[in-house]
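With mmCIF, C-alpha atoms (C1' of nucleotides) inside, this is work_22.cif:
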```cif
data_input
loop_
_atom_site.group_PDB
_atom_site.id
_atom_site.type_symbol
_atom_site.label_atom_id
_atom_site.label_comp_id
_atom_site.auth_asym_id
_atom_site.auth_seq_id
_atom_site.Cartn_x
_atom_site.Cartn_y
_atom_site.Cartn_z
ATOM 1 C CA MET U 1 79.226 290.506 -49.770
ATOM 2 C CA PRO U 2 82.460 288.960 -48.673
ATOM 3 C CA GLU U 3 82.035 286.273 -46.012
ATOM 4 C CA LEU U 4 84.554 283.815 -44.592
ATOM 5 C CA PRO U 5 85.388 282.054 -47.904
ATOM 6 C CA GLU U 6 85.764 285.304 -49.837
ATOM 7 C CA VAL U 7 87.962 286.849 -47.150
ATOM 8 C CA GLN U 8 90.055 283.669 -47.043
ATOM 9 C CA THR U 9 90.368 283.835 -50.828
ATOM 10 C CA VAL U 10 91.670 287.398 -50.640
ATOM 11 C CA VAL U 11 94.172 286.354 -47.966
ATOM 12 C CA ASN U 12 95.316 283.367 -50.024
ATOM 13 C CA GLN U 13 95.864 285.609 -53.027
ATOM 14 C CA ILE U 14 97.656 288.523 -51.391
ATOM 15 C CA LYS U 15 99.676 286.734 -48.730
ATOM 16 C CA PRO U 16 102.451 285.408 -50.994
ATOM 17 C CA ILE U 17 102.825 288.852 -52.541
ATOM 18 C CA LEU U 18 102.778 290.859 -49.322
ATOM 19 C CA ILE U 19 104.746 288.718 -46.932
ATOM 20 C CA HIS U 20 108.119 290.203 -45.944
ATOM 21 C CA LYS U 21 107.339 293.401 -47.868
ATOM 22 C CA THR U 22 107.839 296.751 -46.182
ATOM 23 C CA VAL U 23 104.974 299.230 -45.996
ATOM 24 C CA GLU U 24 106.212 302.804 -46.512
ATOM 25 C CA SER U 25 102.892 304.440 -45.638
ATOM 26 C CA ILE U 26 99.139 304.022 -45.466
ATOM 27 C CA THR U 27 97.105 306.738 -47.126
ATOM 28 C CA PRO U 28 93.412 307.329 -46.449
ATOM 29 C CA VAL U 29 91.781 308.603 -49.631
ATOM 30 C CA TRP U 30 88.429 308.822 -47.854
ATOM 31 C CA PRO U 31 89.081 309.985 -44.268
ATOM 32 C CA LYS U 32 86.558 307.821 -42.399
ATOM 33 C CA VAL U 33 88.110 304.603 -43.661
ATOM 34 C CA PHE U 34 90.456 304.556 -40.631
ATOM 35 C CA HIS U 35 88.149 303.427 -37.874
ATOM 36 C CA ASN U 36 90.170 303.777 -34.681
ATOM 37 C CA PHE U 37 93.320 305.671 -35.595
ATOM 38 C CA THR U 38 94.607 308.692 -37.473
ATOM 39 C CA SER U 39 97.020 309.143 -40.356
ATOM 40 C CA GLU U 40 99.623 310.427 -37.874
ATOM 41 C CA LYS U 41 99.231 307.348 -35.728
ATOM 42 C CA ALA U 42 99.540 305.134 -38.796
ATOM 43 C CA GLN U 43 102.740 306.912 -39.823
ATOM 44 C CA GLN U 44 104.096 306.498 -36.339
ATOM 45 C CA LYS U 45 103.166 302.849 -35.861
ATOM 46 C CA ILE U 46 103.453 301.369 -39.320
ATOM 47 C CA LYS U 47 106.039 303.447 -41.112
ATOM 48 C CA ARG U 48 108.620 301.161 -42.662
ATOM 49 C CA GLY U 49 106.953 298.233 -40.995
ATOM 50 C CA ARG U 50 107.680 294.812 -42.379
ATOM 51 C CA ILE U 51 104.733 292.497 -42.977
ATOM 52 C CA ILE U 52 105.395 289.279 -41.116
ATOM 53 C CA ASP U 53 102.092 287.537 -41.810
ATOM 54 C CA VAL U 54 98.751 287.879 -43.581
ATOM 55 C CA SER U 55 95.838 285.896 -42.197
ATOM 56 C CA ARG U 56 92.125 285.876 -41.531
ATOM 57 C CA ARG U 57 90.101 286.106 -38.325
ATOM 58 C CA ALA U 58 86.337 286.082 -38.766
ATOM 59 C CA LYS U 59 85.730 288.365 -41.773
ATOM 60 C CA PHE U 60 88.834 290.453 -41.088
ATOM 61 C CA ILE U 61 92.012 290.401 -43.133
ATOM 62 C CA ILE U 62 94.869 290.627 -40.654
ATOM 63 C CA ILE U 63 98.146 292.174 -41.762
ATOM 64 C CA LYS U 64 100.686 291.509 -39.060
ATOM 65 C CA PHE U 65 103.645 293.761 -38.331
ATOM 66 C CA THR U 66 106.155 293.259 -35.560
ATOM 67 C CA GLU U 67 104.409 295.433 -32.979
ATOM 68 C CA ASN U 68 100.938 295.984 -34.439
ATOM 69 C CA ILE U 69 98.324 294.572 -36.721
ATOM 70 C CA ILE U 70 96.197 296.199 -39.365
ATOM 71 C CA ALA U 71 92.753 294.614 -39.674
ATOM 72 C CA ILE U 72 90.658 295.228 -42.740
ATOM 73 C CA HIS U 73 86.938 294.546 -42.961
ATOM 74 C CA LEU U 74 85.540 294.532 -46.507
ATOM 75 C CA ARG U 75 81.890 294.733 -45.416
ATOM 76 C CA MET U 76 79.722 294.724 -48.534
ATOM 77 C CA THR U 77 81.744 295.990 -51.437
ATOM 78 C CA GLY U 78 85.334 296.228 -50.235
ATOM 79 C CA LYS U 79 88.116 294.895 -52.452
ATOM 80 C CA LEU U 80 91.794 294.483 -51.717
ATOM 81 C CA TYR U 81 94.298 294.035 -54.513
ATOM 82 C CA LEU U 82 97.758 294.883 -55.729
ATOM 83 C CA LEU U 83 98.356 297.730 -58.153
ATOM 84 C CA ARG U 84 101.556 298.388 -60.080
ATOM 85 C CA ASP U 85 103.016 301.879 -60.020
ATOM 86 C CA HIS U 86 102.046 302.789 -63.579
ATOM 87 C CA GLU U 87 98.394 301.781 -63.058
ATOM 88 C CA THR U 88 95.839 304.409 -62.046
ATOM 89 C CA LEU U 89 93.751 304.483 -58.874
ATOM 90 C CA SER U 90 90.108 303.518 -59.201
ATOM 91 C CA LYS U 91 87.516 306.172 -58.348
ATOM 92 C CA TYR U 92 86.354 303.897 -55.509
ATOM 93 C CA THR U 93 89.688 303.668 -53.717
ATOM 94 C CA THR U 94 89.225 304.614 -50.059
ATOM 95 C CA ALA U 95 92.797 303.847 -48.921
ATOM 96 C CA TYR U 96 96.100 302.444 -50.148
ATOM 97 C CA PHE U 97 99.329 301.072 -48.745
ATOM 98 C CA THR U 98 102.516 302.179 -50.481
ATOM 99 C CA LEU U 99 104.993 299.333 -50.640
ATOM 100 C CA LYS U 100 108.735 299.752 -50.557
ATOM 101 C CA ASN U 101 110.306 298.689 -53.861
ATOM 102 C CA GLY U 102 107.137 299.580 -55.762
ATOM 103 C CA GLY U 103 103.470 298.751 -55.973
ATOM 104 C CA LYS U 104 100.474 299.548 -53.849
ATOM 105 C CA LEU U 105 97.949 297.515 -51.908
ATOM 106 C CA ILE U 106 94.605 299.060 -52.827
ATOM 107 C CA PHE U 107 91.437 299.145 -50.777
ATOM 108 C CA ASP U 108 88.473 299.907 -53.029
ATOM 109 C CA ASP U 109 85.003 300.260 -51.598
ATOM 110 C CA VAL U 110 82.037 301.521 -53.581
ATOM 111 C CA ARG U 111 79.666 301.803 -50.622
ATOM 112 C CA LYS U 112 82.266 302.907 -48.099
ATOM 113 C CA PHE U 113 81.172 300.527 -45.348
ATOM 114 C CA GLY U 114 84.572 298.862 -45.150
ATOM 115 C CA ARG U 115 86.965 299.953 -42.427
ATOM 116 C CA ILE U 116 90.630 299.632 -41.456
ATOM 117 C CA TYR U 117 91.581 299.064 -37.815
ATOM 118 C CA LEU U 118 94.889 299.379 -35.992
ATOM 119 C CA TYR U 119 95.449 297.105 -32.988
ATOM 120 C CA LYS U 120 98.316 295.653 -30.962
ATOM 121 C CA ASN U 121 97.039 292.156 -31.714
ATOM 122 C CA THR U 122 93.800 290.340 -32.568
ATOM 123 C CA GLY U 123 92.612 290.579 -28.941
ATOM 124 C CA PRO U 124 89.912 293.204 -29.544
ATOM 125 C CA ILE U 125 88.571 291.167 -32.495
ATOM 126 C CA ASP U 126 88.663 287.863 -30.611
ATOM 127 C CA GLU U 127 86.704 289.464 -27.766
ATOM 128 C CA ARG U 128 83.673 290.150 -29.887
ATOM 129 C CA HIS U 129 83.766 287.070 -32.103
ATOM 130 C CA GLY U 130 82.772 283.463 -31.674
ATOM 131 C CA PRO U 131 84.797 280.432 -32.761
ATOM 132 C CA GLU U 132 86.153 279.846 -36.245
ATOM 133 C CA PRO U 133 83.919 277.228 -37.853
ATOM 134 C CA LEU U 134 86.789 275.609 -39.756
ATOM 135 C CA GLU U 135 89.106 275.228 -36.775
ATOM 136 C CA LYS U 136 89.593 271.700 -35.445
ATOM 137 C CA SER U 137 88.691 272.949 -31.978
ATOM 138 C CA PHE U 138 85.213 273.895 -33.196
ATOM 139 C CA THR U 139 83.332 270.692 -32.425
ATOM 140 C CA SER U 140 79.714 269.723 -33.002
ATOM 141 C CA LYS U 141 79.328 269.815 -29.231
ATOM 142 C CA ILE U 142 80.227 273.509 -29.213
ATOM 143 C CA LEU U 143 77.651 274.274 -31.902
ATOM 144 C CA ILE U 144 74.961 272.234 -30.162
ATOM 145 C CA ASN U 145 75.646 274.035 -26.907
ATOM 146 C CA LEU U 146 75.631 277.412 -28.639
ATOM 147 C CA ILE U 147 72.319 276.791 -30.371
ATOM 148 C CA LYS U 148 70.593 275.015 -27.483
ATOM 149 C CA SER U 149 71.576 277.636 -24.915
ATOM 150 C CA LYS U 150 69.790 280.414 -26.836
ATOM 151 C CA LYS U 151 66.144 280.936 -27.602
ATOM 152 C CA ARG U 152 66.653 282.727 -30.809
ATOM 153 C CA ASN U 153 65.806 282.782 -34.452
ATOM 154 C CA ILE U 154 68.364 280.396 -35.952
ATOM 155 C CA LYS U 155 69.309 282.574 -38.906
ATOM 156 C CA ALA U 156 69.854 285.602 -36.674
ATOM 157 C CA LEU U 157 72.031 283.401 -34.462
ATOM 158 C CA LEU U 158 74.135 282.157 -37.386
ATOM 159 C CA LEU U 159 74.652 285.701 -38.620
ATOM 160 C CA ASP U 160 75.670 286.917 -35.166
ATOM 161 C CA GLN U 161 79.466 287.102 -35.320
ATOM 162 C CA SER U 162 79.775 286.825 -31.543
ATOM 163 C CA MET U 163 78.187 283.356 -31.816
ATOM 164 C CA ILE U 164 80.078 281.901 -34.808
ATOM 165 C CA ALA U 165 82.538 283.878 -36.888
ATOM 166 C CA GLY U 166 82.429 284.199 -40.639
ATOM 167 C CA LEU U 167 78.951 283.268 -41.817
ATOM 168 C CA GLY U 168 77.020 285.881 -43.756
ATOM 169 C CA ASN U 169 73.744 285.953 -45.621
ATOM 170 C CA ILE U 170 74.757 283.609 -48.458
ATOM 171 C CA TYR U 171 76.372 280.818 -46.454
ATOM 172 C CA ALA U 172 73.767 280.993 -43.687
ATOM 173 C CA ASP U 173 71.026 280.370 -46.278
ATOM 174 C CA GLU U 174 73.007 277.615 -47.986
ATOM 175 C CA SER U 175 73.815 275.879 -44.693
ATOM 176 C CA LEU U 176 70.224 275.996 -43.448
ATOM 177 C CA TRP U 177 68.862 274.712 -46.738
ATOM 178 C CA LYS U 178 71.298 271.786 -46.872
ATOM 179 C CA SER U 179 70.435 270.970 -43.263
ATOM 180 C CA LYS U 180 66.662 271.187 -43.947
ATOM 181 C CA ILE U 181 66.158 273.772 -41.218
ATOM 182 C CA HIS U 182 63.800 276.685 -41.759
ATOM 183 C CA PRO U 183 65.574 279.986 -40.965
ATOM 184 C CA ASN U 184 62.679 281.051 -38.739
ATOM 185 C CA SER U 185 63.198 278.075 -36.448
ATOM 186 C CA LEU U 186 63.822 278.757 -32.790
ATOM 187 C CA SER U 187 67.331 277.635 -31.891
ATOM 188 C CA HIS U 188 66.478 275.675 -28.737
ATOM 189 C CA LYS U 189 63.734 273.730 -30.546
ATOM 190 C CA ILE U 190 66.032 272.274 -33.188
ATOM 191 C CA PRO U 191 66.797 268.594 -32.525
ATOM 192 C CA LYS U 192 70.364 267.656 -31.678
ATOM 193 C CA LYS U 193 70.605 265.445 -34.773
ATOM 194 C CA ARG U 194 69.658 268.388 -36.997
ATOM 195 C CA ILE U 195 72.341 270.543 -35.391
ATOM 196 C CA GLU U 196 74.936 267.813 -35.922
ATOM 197 C CA ASN U 197 73.914 267.817 -39.559
ATOM 198 C CA LEU U 198 74.111 271.620 -39.681
ATOM 199 C CA TYR U 199 77.578 271.421 -38.147
ATOM 200 C CA LYS U 200 78.798 269.099 -40.913
ATOM 201 C CA ASN U 201 77.166 271.169 -43.639
ATOM 202 C CA ILE U 202 78.653 274.461 -42.469
ATOM 203 C CA LYS U 203 82.108 272.874 -42.640
ATOM 204 C CA ILE U 204 81.474 271.272 -46.044
ATOM 205 C CA ILE U 205 79.989 274.417 -47.574
ATOM 206 C CA LEU U 206 82.693 276.778 -46.301
ATOM 207 C CA THR U 207 85.489 274.389 -47.274
ATOM 208 C CA ASN U 208 84.096 273.901 -50.783
ATOM 209 C CA ALA U 209 83.559 277.628 -51.192
ATOM 210 C CA ILE U 210 87.197 278.341 -50.286
ATOM 211 C CA GLU U 211 88.331 275.699 -52.794
ATOM 212 C CA GLN U 212 86.262 277.483 -55.447
ATOM 213 C CA ASN U 213 87.694 280.894 -54.493
ATOM 214 C CA GLY U 214 84.390 282.047 -53.018
ATOM 215 C CA THR U 215 81.160 283.288 -54.509
ATOM 216 C CA THR U 216 80.898 286.153 -56.934
ATOM 217 C CA ILE U 217 77.708 288.043 -56.158
ATOM 218 C CA ILE U 218 77.497 291.624 -57.320
ATOM 219 C CA ASP U 219 81.190 292.317 -57.710
ATOM 220 C CA PHE U 220 83.428 290.382 -55.395
ATOM 221 C CA SER U 221 86.516 289.287 -57.280
ATOM 222 C CA VAL U 222 90.183 288.769 -56.678
ATOM 223 C CA ASN U 223 92.413 290.249 -59.350
ATOM 224 C CA GLY U 224 89.485 290.144 -61.738
ATOM 225 C CA LYS U 225 88.946 286.405 -61.310
ATOM 226 C CA SER U 226 85.468 285.318 -60.254
ATOM 227 C CA GLY U 227 84.752 282.951 -57.415
ATOM 228 C CA LYS U 228 83.393 279.732 -58.855
ATOM 229 C CA TYR U 229 81.232 278.840 -55.876
ATOM 230 C CA THR U 230 78.523 280.921 -57.578
ATOM 231 C CA ASN U 231 77.877 277.779 -59.655
ATOM 232 C CA GLU U 232 77.459 275.673 -56.513
ATOM 233 C CA LEU U 233 74.790 277.789 -54.823
ATOM 234 C CA LYS U 234 71.627 275.824 -54.168
ATOM 235 C CA VAL U 235 69.208 278.435 -52.754
ATOM 236 C CA TYR U 236 70.790 281.859 -52.435
ATOM 237 C CA GLY U 237 69.449 284.100 -55.214
ATOM 238 C CA LYS U 238 67.393 281.206 -56.661
ATOM 239 C CA ARG U 239 63.930 282.693 -56.338
ATOM 240 C CA ASP U 240 61.355 280.830 -58.497
ATOM 241 C CA ILE U 241 63.881 278.166 -59.408
ATOM 242 C CA LYS U 242 63.082 274.538 -58.568
ATOM 243 C CA CYS U 243 64.567 273.249 -55.346
ATOM 244 C CA PHE U 244 67.423 270.772 -55.918
ATOM 245 C CA ASN U 245 65.765 268.347 -53.498
ATOM 246 C CA CYS U 246 62.144 268.494 -54.562
ATOM 247 C CA ASN U 247 59.937 270.114 -57.170
ATOM 248 C CA ASN U 248 58.955 273.012 -54.980
ATOM 249 C CA HIS U 249 59.993 276.511 -56.030
ATOM 250 C CA ILE U 250 62.481 278.496 -53.987
ATOM 251 C CA ILE U 251 60.936 281.577 -52.430
ATOM 252 C CA LYS U 252 62.423 284.752 -51.028
ATOM 253 C CA ILE U 253 61.303 285.863 -47.581
ATOM 254 C CA ARG U 254 62.594 288.246 -44.914
ATOM 255 C CA VAL U 255 64.269 286.825 -41.857
ATOM 256 C CA ALA U 256 66.154 288.838 -39.248
ATOM 257 C CA GLY U 257 65.872 291.830 -41.561
ATOM 258 C CA ARG U 258 67.638 290.031 -44.425
ATOM 259 C CA GLY U 259 66.543 288.773 -47.795
ATOM 260 C CA THR U 260 66.371 284.999 -47.276
ATOM 261 C CA TYR U 261 65.969 282.166 -49.771
ATOM 262 C CA ILE U 262 64.281 278.937 -48.750
ATOM 263 C CA CYS U 263 62.503 275.838 -49.916
ATOM 264 C CA SER U 264 59.407 275.893 -47.737
ATOM 265 C CA LYS U 265 58.833 272.185 -48.394
ATOM 266 C CA CYS U 266 62.302 270.876 -47.503
ATOM 267 C CA GLN U 267 63.128 273.192 -44.644
ATOM 268 C CA LYS U 268 61.311 272.372 -41.441
ATOM 269 C CA LYS U 269 60.305 275.097 -39.039
ATOM 270 C CA TYR U 270 61.031 274.085 -35.441
ATOM 271 C CA LYS U 271 58.866 276.256 -33.193
ATOM 272 C "C1'" DA O 1 67.681 288.134 -23.527
ATOM 273 C "C1'" DG O 2 66.601 289.099 -27.893
ATOM 274 C "C1'" DG O 3 64.168 291.512 -31.491
ATOM 275 C "C1'" DC O 4 63.856 295.555 -33.971
ATOM 276 C "C1'" DG O 5 64.887 300.050 -35.898
ATOM 277 C "C1'" DT O 6 68.517 303.190 -37.253
ATOM 278 C "C1'" DT O 7 72.877 304.518 -39.087
ATOM 279 C "C1'" DC O 8 76.472 304.344 -42.421
ATOM 280 C "C1'" DC O 9 76.786 304.609 -48.229
ATOM 281 C "C1'" DT O 10 76.044 304.471 -53.313
ATOM 282 C "C1'" DG O 11 74.845 301.962 -57.563
ATOM 283 C "C1'" DG O 12 71.296 300.252 -59.764
ATOM 284 C "C1'" DG O 13 66.536 298.577 -60.502
ATOM 285 C "C1'" DG O 14 61.633 299.665 -60.841
ATOM 286 C "C1'" DG O 15 58.067 302.731 -61.920
ATOM 287 C "C1'" DC O 16 56.319 306.126 -64.802
ATOM 288 C "C1'" DT T 1 65.589 308.179 -72.410
ATOM 289 C "C1'" DG T 2 65.568 310.088 -68.023
ATOM 290 C "C1'" DC T 3 64.416 311.058 -63.467
ATOM 291 C "C1'" DC T 4 63.149 310.031 -58.882
ATOM 292 C "C1'" DC T 5 62.665 306.890 -55.200
ATOM 293 C "C1'" DC T 6 63.999 303.289 -52.676
ATOM 294 C "C1'" DC T 7 66.358 299.134 -51.745
ATOM 295 C "C1'" DA T 8 70.511 296.071 -50.666
ATOM 296 C "C1'" DG T 9 73.181 294.803 -46.553
ATOM 297 C "C1'" DG T 10 77.374 293.794 -41.997
ATOM 298 C "C1'" DA T 11 77.869 295.454 -37.753
ATOM 299 C "C1'" DA T 12 77.295 298.598 -33.924
ATOM 300 C "C1'" DC T 13 74.205 300.856 -31.015
ATOM 301 C "C1'" DG T 14 70.117 302.337 -28.559
ATOM 302 C "C1'" DC T 15 65.553 301.219 -27.176
ATOM 303 C "C1'" DC T 16 61.805 298.324 -25.549
#
```
Write-out of the structure in structure tokens:
Amino acid sequence: MPELPEVQTVVNQIKPILIHKTVESITPVWPKVFHNFTSEKAQQKIKRGRIIDVSRRAKFIIIKFTENIIAIHLRMTGKLYLLRDHETLSKYTTAYFTLKNGGKLIFDDVRKFGRIYLYKNTGPIDERHGPEPLEKSFTSKILINLIKSKKRNIKALLLDQSMIAGLGNIYADESLWKSKIHPNSLSHKIPKKRIENLYKNIKIILTNAIEQNGTTIIDFSVNGKSGKYTNELKVYGKRDIKCFNCNNHIIKIRVAGRGTYICSKCQKKYK
DNA sequence: AGGCGTTCCTGGGGGC
DNA sequence: TGCCCCCAGGAACGCC
């Protein structure tokens, strides 16, 4: 399940290859993959468009053209990679971009949750997303204010993209474990000091994960290479394994409708 | 306000 | 071995 570090990894990998390339066309293999536009509209807006930048906002991959952007959300099983002309399409391809001078940018998605969006700019995405946790402007004060101003389950809050952008199930669990906060804590009951610690840990964990090219769970990979952060995980997927901090065993519970891994001894529940 | 259920999807794991 | 059932989950949406 691609989260901020995995999406950033994809961007880092494809940006040098895509930048300044011209997109001849975008083809939907599975019709519903275009979320807010049609093939005709894509032809009209993107045809022979030159890619001027590739970046990330929240969990979206942003491909910038002169007048428009294409935003791609990988959701659970989406993959984006380059394919040479002689190579065959995977059975899971839901869309592809034909590049001028050869090659295709492939969007594969086994579960078909991933979508492609066409916008003028990132405005519509910015509107429904909170701050970027790795931006300098995202201060501990902002996180404290965010968490203290809500009376919510902390894990649900961290997963809510309109609160903070980019965290998903894996990094929310890892961040809460490292910060010794139980995911069923109520946000406004968490002490300021704990939130400051959580703030630091979110930054550390996301930064390290990007350096390791993300986490490979199920089948996220970039050009066949696995993300090495899988080796750094401390709680996610570690059911019955001994906690790195104490001798307690990691358990799996359900929080905010998600499978959640915790050390019930280390992580304090603020209620 | 916020929690919860539902929807979208399909591979794969568990049970028998 | 094979078949069926059900689960996993990010985000949007409706309901209470």
Next item on the list: Go through U:Arg115, U:Arg50, U:Lys155, U:Arg75 one by one, measure the shortest atom-to-atom distance of each to chain T using only C-alpha atoms (C1' of nucleotides), and give the residue with the smallest value.
Entry: U:Arg75
Margin query: I want to know what sits within 7 Å of U:Asn213, based on all atoms listed in the file, with residues of the same chain fewer than 2 positions away left out; could you give that as a list in words?
Written below: Glu6, Thr9, Ala209, Ile210, Glu211, Thr215, Gly227, Lys228 and Tyr229 of chain U
Next item on the list: Give as number ranges by chain the residues that the PyMOL selection byres ((chain U) within 9 of (chain T)) matches when applied to the coordinates above.
Entry: U: 1, 75-76, 113, 161, 168-169, 258-259
Output of the above residues as a PDB file, in the coordinates of the input, restricted to C-alpha atoms:
```pdb
ATOM      1  CA  MET U   1      79.226 290.506 -49.770  1.00  0.00           C
ATOM      2  CA  ARG U  75      81.890 294.733 -45.416  1.00  0.00           C
ATOM      3  CA  MET U  76      79.722 294.724 -48.534  1.00  0.00           C
ATOM      4  CA  PHE U 113      81.172 300.527 -45.348  1.00  0.00           C
ATOM      5  CA  GLN U 161      79.466 287.102 -35.320  1.00  0.00           C
ATOM      6  CA  GLY U 168      77.020 285.881 -43.756  1.00  0.00           C
ATOM      7  CA  ASN U 169      73.744 285.953 -45.621  1.00  0.00           C
ATOM      8  CA  ARG U 258      67.638 290.031 -44.425  1.00  0.00           C
ATOM      9  CA  GLY U 259      66.543 288.773 -47.795  1.00  0.00           C
TER      10      GLY U 259
END
```
Next item on the list: Name the residues that the PyMOL selection byres ((chain O) within 9 of (chain U)) picks from the file above, as number ranges by chain, using the file's chain letters and numbers.
Entry: O: 1-4, 8-11
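The coordinates place atom CA of U:Val10 at 20.3 Å from atom CA of U:Gly102.
With atom CA of U:Gly78 on one side and atom CA of U:Thr94 on the other, the separation reads 9.2 Å.
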Checklist line | Atom pair atom CA of U:Lys265 / atom CA of U:Asp173: separation (Å) | finding: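 Separating atom CA of U:Lys265 from atom CA of U:Asp173 is a distance of 14.8 Å.
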